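Colleague: Quick one: this structure, given as structure tokens, is what I'll be asking you about.
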Amino acid sequence: MPERYDVITMGRIGVDLYPLQTGLPLSRVDTFGKFLGGSPSNVAVAAARLGRRTAVVTRTGQDPFGTYLREQLREFGVDDRWVTSVDAYPTPVTFCELFPPDDFPLYFYRQPKAPDLEIRTSELDLDAIRSARVFWATGTGLCAEPSRSATLAALRARDRSGITVFDLDWRPMFWDPARGAAPAALYRRALALATVAVGNLEECGIATGEREPYAAARALLDAGAELAVVKQGPEGVLAVHRDGTAVRVEPLPVDVVNGLGAGDAFGGALCHGLLAGWPAERVMRYANAAGALVAGRLACSSAMPFPYEIEAALRGNEETAHEKKERSTGA
């Protein structure tokens, strides 16, 4: 039997074209860097950087950008065997503007349709998805058919086994009301099939109607998750387990360069910590540190940290906190 995967993610992929100049609107930017992008693809890269065997289920266009993405996945150590091409649609590209510390407008070019929304149930390797130690699906995968049916089929195939993560990943511009999709109802269907739910407060509001952190976490648990992870940006992260234990962890200080990849780094590190069986507080601190490191860098995929970088950041944060405590007590 082939070795099973630690992490399989499913969903978005594309090319990120990020400005190499900060504080300018796109109309005035002259130079860009090209990077692999798409949240679940970045999560797979982040987990691979931490030594996990990962793969991604997605689709690209039959074009040079699609070739680039598959080459990048392999370079990052992510298995691309389930990355297939679609003749009808071009590989998506995404631009952003950089206005640190907290304004990073995104411009998605996914028309007339993104290839990653053409993932079909009949093409899924359900045996591999069932056997993976972690399976990671996203809310974006629910926004259109046939990806919607494929995402739900993959989650059903898991039968809540192992660690089955549903990342709320709310991108309103991808949802077309004319297609008759009701996001909240679809999110509830996915949450009922997941053991871990991850999202920020806005995403929790879409999925559950709750935007207060503890209320949102309880609503995610009521929807089916065993562990609810509510990201709160500068307020840190809240993790609540069905057994009643709750952990709230403050963020690491960082000079933000580009906040767009922080959540994906957090996701990859979350998978790593859960697979390691660490206590919840250690998992969340580790994931927070990974996210902070990427927020201080330009890119997403290529910026994902290695274990030694995360461990150094955590040590530095502990030493800084200790020094502050000593000063405050007059020691």
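Chain labels A, B, ... are given in the sequence in which chains occur in the structure tokens; within each chain residues are numbered consecutively from 1, and ligands are likewise numbered from 1 in the order shown.
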Write out as a PDB file with N, CA and C atoms, in the first residue's frame the residues lying within 12 Å of Ser27 (chain A), counting only C-alpha atoms and excluding same-chain residues fewer than 4 positions away.
Modeller:
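Contents of the output file result_5.pdb:
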```pdb
ATOM      1  N   PRO A  19       2.464  43.514  -6.237  1.00  0.00           N
ATOM      2  CA  PRO A  19       3.339  44.650  -6.539  1.00  0.00           C
ATOM      3  C   PRO A  19       4.618  44.603  -5.720  1.00  0.00           C
ATOM      4  N   GLN A  21       6.120  47.295  -5.157  1.00  0.00           N
ATOM      5  CA  GLN A  21       6.140  48.653  -4.612  1.00  0.00           C
ATOM      6  C   GLN A  21       4.980  48.780  -3.629  1.00  0.00           C
ATOM      7  N   GLY A  23       2.382  50.848  -1.040  1.00  0.00           N
ATOM      8  CA  GLY A  23       1.718  52.132  -0.842  1.00  0.00           C
ATOM      9  C   GLY A  23       1.254  52.810  -2.106  1.00  0.00           C
ATOM     10  N   THR A  31       6.186  47.257 -11.279  1.00  0.00           N
ATOM     11  CA  THR A  31       6.822  45.950 -11.205  1.00  0.00           C
ATOM     12  C   THR A  31       6.042  45.012 -10.279  1.00  0.00           C
ATOM     13  N   PHE A  95      -4.432  40.105  -8.441  1.00  0.00           N
ATOM     14  CA  PHE A  95      -3.591  41.252  -8.098  1.00  0.00           C
ATOM     15  C   PHE A  95      -3.979  41.750  -6.708  1.00  0.00           C
ATOM     16  N   CYS A  96      -3.035  42.381  -6.030  1.00  0.00           N
ATOM     17  CA  CYS A  96      -3.386  43.054  -4.782  1.00  0.00           C
ATOM     18  C   CYS A  96      -2.681  44.401  -4.741  1.00  0.00           C
ATOM     19  N   GLU A  97      -3.144  45.239  -3.837  1.00  0.00           N
ATOM     20  CA  GLU A  97      -2.462  46.493  -3.510  1.00  0.00           C
ATOM     21  C   GLU A  97      -1.964  46.387  -2.078  1.00  0.00           C
TER      22      GLU A  97
END
```
Colleague: Would you list the contacts of Ala184 (chain A) as a list of chain:residue names, taking every protein, DNA or RNA residue within 8 Å and counting only C-alpha atoms, but skipping same-chain residues closer than 4 positions in sequence?
Modeller: A:Arg188, A:Ile206, A:Ala207, A:Thr208
Colleague: Give me every strand (DSSP E) residue in region 109-240 of chain A, going by DSSP on the backbone, as a list in words.
Modeller: Tyr109, Val134, Phe135, Trp136, Ala137, Thr138, Ile163, Thr164, Val165, Phe166, Asp167, Val196, Ala197, Val198, Gly199, Asn200, Leu227, Ala228, Val229, Val230, Lys231, Val237, Leu238, Ala239 and Val240 of chain A
Colleague: Using the selection just defined, write its residues with N, CA and C atoms as a short mmCIF file (atom, residue, chain, number, x, y, z; two decimals), in the first residue's frame.
Modeller:
```cif
data_model
loop_
_atom_site.label_atom_id
_atom_site.label_comp_id
_atom_site.auth_asym_id
_atom_site.auth_seq_id
_atom_site.Cartn_x
_atom_site.Cartn_y
_atom_site.Cartn_z
N TYR A 109 -9.21 37.83 -11.10
CA TYR A 109 -9.56 37.65 -12.51
C TYR A 109 -9.83 36.16 -12.72
N VAL A 134 -5.32 14.36 7.31
CA VAL A 134 -6.08 15.61 7.32
C VAL A 134 -6.64 15.84 5.92
N PHE A 135 -7.92 16.18 5.85
CA PHE A 135 -8.51 16.65 4.60
C PHE A 135 -9.03 18.05 4.84
N TRP A 136 -8.68 18.97 3.93
CA TRP A 136 -8.98 20.41 4.10
C TRP A 136 -9.82 20.87 2.91
N ALA A 137 -11.06 21.26 3.17
CA ALA A 137 -11.95 21.79 2.13
C ALA A 137 -12.32 23.23 2.49
N THR A 138 -12.81 23.98 1.51
CA THR A 138 -13.07 25.41 1.73
C THR A 138 -14.46 25.83 1.27
N ILE A 163 -8.90 14.00 10.78
CA ILE A 163 -9.09 15.45 10.97
C ILE A 163 -9.66 15.98 9.66
N THR A 164 -10.91 16.36 9.69
CA THR A 164 -11.59 16.86 8.49
C THR A 164 -11.89 18.33 8.71
N VAL A 165 -11.18 19.20 8.01
CA VAL A 165 -11.25 20.64 8.24
C VAL A 165 -12.12 21.30 7.18
N PHE A 166 -13.03 22.16 7.64
CA PHE A 166 -13.76 23.04 6.73
C PHE A 166 -13.35 24.47 7.03
N ASP A 167 -12.64 25.06 6.09
CA ASP A 167 -12.20 26.45 6.16
C ASP A 167 -13.29 27.31 5.54
N VAL A 196 -13.30 19.92 12.24
CA VAL A 196 -12.66 21.18 12.61
C VAL A 196 -13.20 22.28 11.70
N ALA A 197 -13.61 23.39 12.28
CA ALA A 197 -14.07 24.55 11.52
C ALA A 197 -13.13 25.72 11.80
N VAL A 198 -12.74 26.43 10.73
CA VAL A 198 -11.79 27.53 10.85
C VAL A 198 -12.34 28.73 10.10
N GLY A 199 -12.34 29.89 10.74
CA GLY A 199 -12.79 31.09 10.04
C GLY A 199 -12.58 32.33 10.87
N ASN A 200 -12.60 33.49 10.19
CA ASN A 200 -12.54 34.75 10.92
C ASN A 200 -13.96 35.18 11.29
N LEU A 227 -13.97 20.92 16.92
CA LEU A 227 -13.09 22.01 17.29
C LEU A 227 -13.42 23.22 16.44
N ALA A 228 -13.67 24.35 17.08
CA ALA A 228 -13.95 25.60 16.37
C ALA A 228 -12.79 26.56 16.58
N VAL A 229 -12.21 27.06 15.49
CA VAL A 229 -11.08 27.98 15.55
C VAL A 229 -11.55 29.30 14.94
N VAL A 230 -11.61 30.33 15.77
CA VAL A 230 -12.10 31.64 15.35
C VAL A 230 -10.94 32.62 15.34
N LYS A 231 -10.55 33.05 14.16
CA LYS A 231 -9.43 33.99 14.01
C LYS A 231 -9.94 35.42 14.16
N VAL A 237 -6.48 34.56 18.44
CA VAL A 237 -7.30 33.44 17.98
C VAL A 237 -7.95 32.75 19.17
N LEU A 238 -9.18 32.30 18.96
CA LEU A 238 -9.93 31.56 19.97
C LEU A 238 -10.17 30.15 19.45
N ALA A 239 -9.87 29.14 20.26
CA ALA A 239 -10.15 27.75 19.90
C ALA A 239 -11.00 27.14 21.00
N VAL A 240 -12.15 26.59 20.62
CA VAL A 240 -13.06 25.98 21.58
C VAL A 240 -13.35 24.55 21.13
#
```
Colleague: Going by DSSP on the backbone, which residues of region 79-244 of chain A come out as helix (DSSP H, G or I)? List them as a PyMOL selection string.
Modeller: chain A and resi 115-118+121-123+126-131+139-142+147-158+172-174+177-179+183-191+201-208+213-223+233-235
Colleague: What separation in Å, quoted to one decimal, exists between CA of Leu270 (chain A) and CA of Gln72 (chain A)?
Modeller: 22.4 Å
Colleague: From the list A:Asp169, A:Asp176, A:Asp79, A:Asp125, which residue is nearest Lys113 (chain A) when using only C-alpha atoms?
Modeller: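 Nearest to Lys113 (chain A): A:Asp176.
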Colleague: May I have the residues within 12 Å of Ala157 (chain A) as a PDB file with C-alpha atoms, in the first residue's frame, using only C-alpha atoms and disregarding those fewer than 3 positions away in the same chain?
Modeller:
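The resulting file, out-v5.pdb, is reproduced below:
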```pdb
ATOM      1  CA  THR A 121     -16.980  14.195  -8.238  1.00  0.00           C
ATOM      2  CA  LEU A 124     -11.946  12.419  -7.210  1.00  0.00           C
ATOM      3  CA  ASP A 125      -9.672   9.783  -5.711  1.00  0.00           C
ATOM      4  CA  LEU A 126     -11.994   9.137  -2.790  1.00  0.00           C
ATOM      5  CA  ASP A 127      -9.805   6.363  -1.382  1.00  0.00           C
ATOM      6  CA  ALA A 128      -6.902   8.780  -1.005  1.00  0.00           C
ATOM      7  CA  ILE A 129      -9.179  11.458   0.457  1.00  0.00           C
ATOM      8  CA  ARG A 130     -10.584   8.963   2.978  1.00  0.00           C
ATOM      9  CA  SER A 131      -7.153   7.775   4.048  1.00  0.00           C
ATOM     10  CA  ALA A 132      -5.473  11.183   4.418  1.00  0.00           C
ATOM     11  CA  PHE A 135      -8.506  16.649   4.598  1.00  0.00           C
ATOM     12  CA  ALA A 150     -17.483  17.474  -5.483  1.00  0.00           C
ATOM     13  CA  THR A 151     -16.586  19.271  -2.237  1.00  0.00           C
ATOM     14  CA  LEU A 152     -19.600  17.829  -0.422  1.00  0.00           C
ATOM     15  CA  ALA A 153     -18.918  14.366  -1.874  1.00  0.00           C
ATOM     16  CA  ALA A 154     -15.340  14.479  -0.610  1.00  0.00           C
ATOM     17  CA  ARG A 160     -15.905  12.644   9.793  1.00  0.00           C
ATOM     18  CA  SER A 161     -12.817  10.444  10.031  1.00  0.00           C
ATOM     19  CA  GLY A 162      -9.377  11.650  11.035  1.00  0.00           C
ATOM     20  CA  THR A 164     -11.585  16.862   8.491  1.00  0.00           C
ATOM     21  CA  LEU A 193     -19.418  16.783   7.780  1.00  0.00           C
ATOM     22  CA  ALA A 194     -16.335  18.394   9.360  1.00  0.00           C
TER      23      ALA A 194
END
```
Colleague: Which is closer to Pro307 (chain A) than all the others in A:Val86, A:Tyr68, A:Ala287, A:Tyr214, using only C-alpha atoms?
Modeller: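 Ranking A:Val86, A:Tyr68, A:Ala287, A:Tyr214 by distance to Pro307 (chain A), first place goes to A:Ala287.
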Colleague: To one decimal in Å, tell me the separation between CA of Asp103 (chain A) and CA of Ser39 (chain A).
Modeller: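 Computed distance, CA of Asp103 (chain A) to CA of Ser39 (chain A), equals 18.3 Å.
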Colleague: Nearest to Arg53 (chain A): which of A:Ala262, A:Val7, A:Leu17, A:Ala182 is it, counting only C-alpha atoms?
Modeller: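 Ranking A:Ala262, A:Val7, A:Leu17, A:Ala182 by distance to Arg53 (chain A), first place goes to A:Val7.
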Colleague: Between CA of Arg49 (chain A) and CA of Leu275 (chain A), what distance in Å does the model show, to one decimal?
Modeller: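 Atom-to-atom, CA of Arg49 (chain A) and CA of Leu275 (chain A) are spaced 14.4 Å apart.
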Colleague: Let me make sure I understand: among A:Gln111, A:Asn317, A:Ser122, A:Ser301, which one has the smallest atom-to-atom distance to Glu75 (chain A) if we use only C-alpha atoms?
Modeller: A:Ser301
Colleague: From the list A:Pro90, A:Gly38, A:Pro279, A:Gly259, which residue is nearest Val15 (chain A) when using only C-alpha atoms?
Modeller: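 Closest residue, counting only C-alpha atoms: A:Gly38.
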Colleague: Can you list, as a list in words, every protein, DNA or RNA residue that comes within 9 Å of Ala48 (chain A) when you count only C-alpha atoms, leaving out same-chain residues fewer than 5 positions away?
Modeller: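 These residues fall inside the cut-off: Val7, Val43, Arg53, Thr54, Ala55, Phe76, Gly77, Val78 and Gly268 of chain A.
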Colleague: Between A:Ile13, A:Ile8, A:Gly51, A:Tyr18, which has the minimum distance to Arg70 (chain A) (counting only C-alpha atoms)?
Modeller: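 The closest residue to Arg70 (chain A) is A:Ile13.
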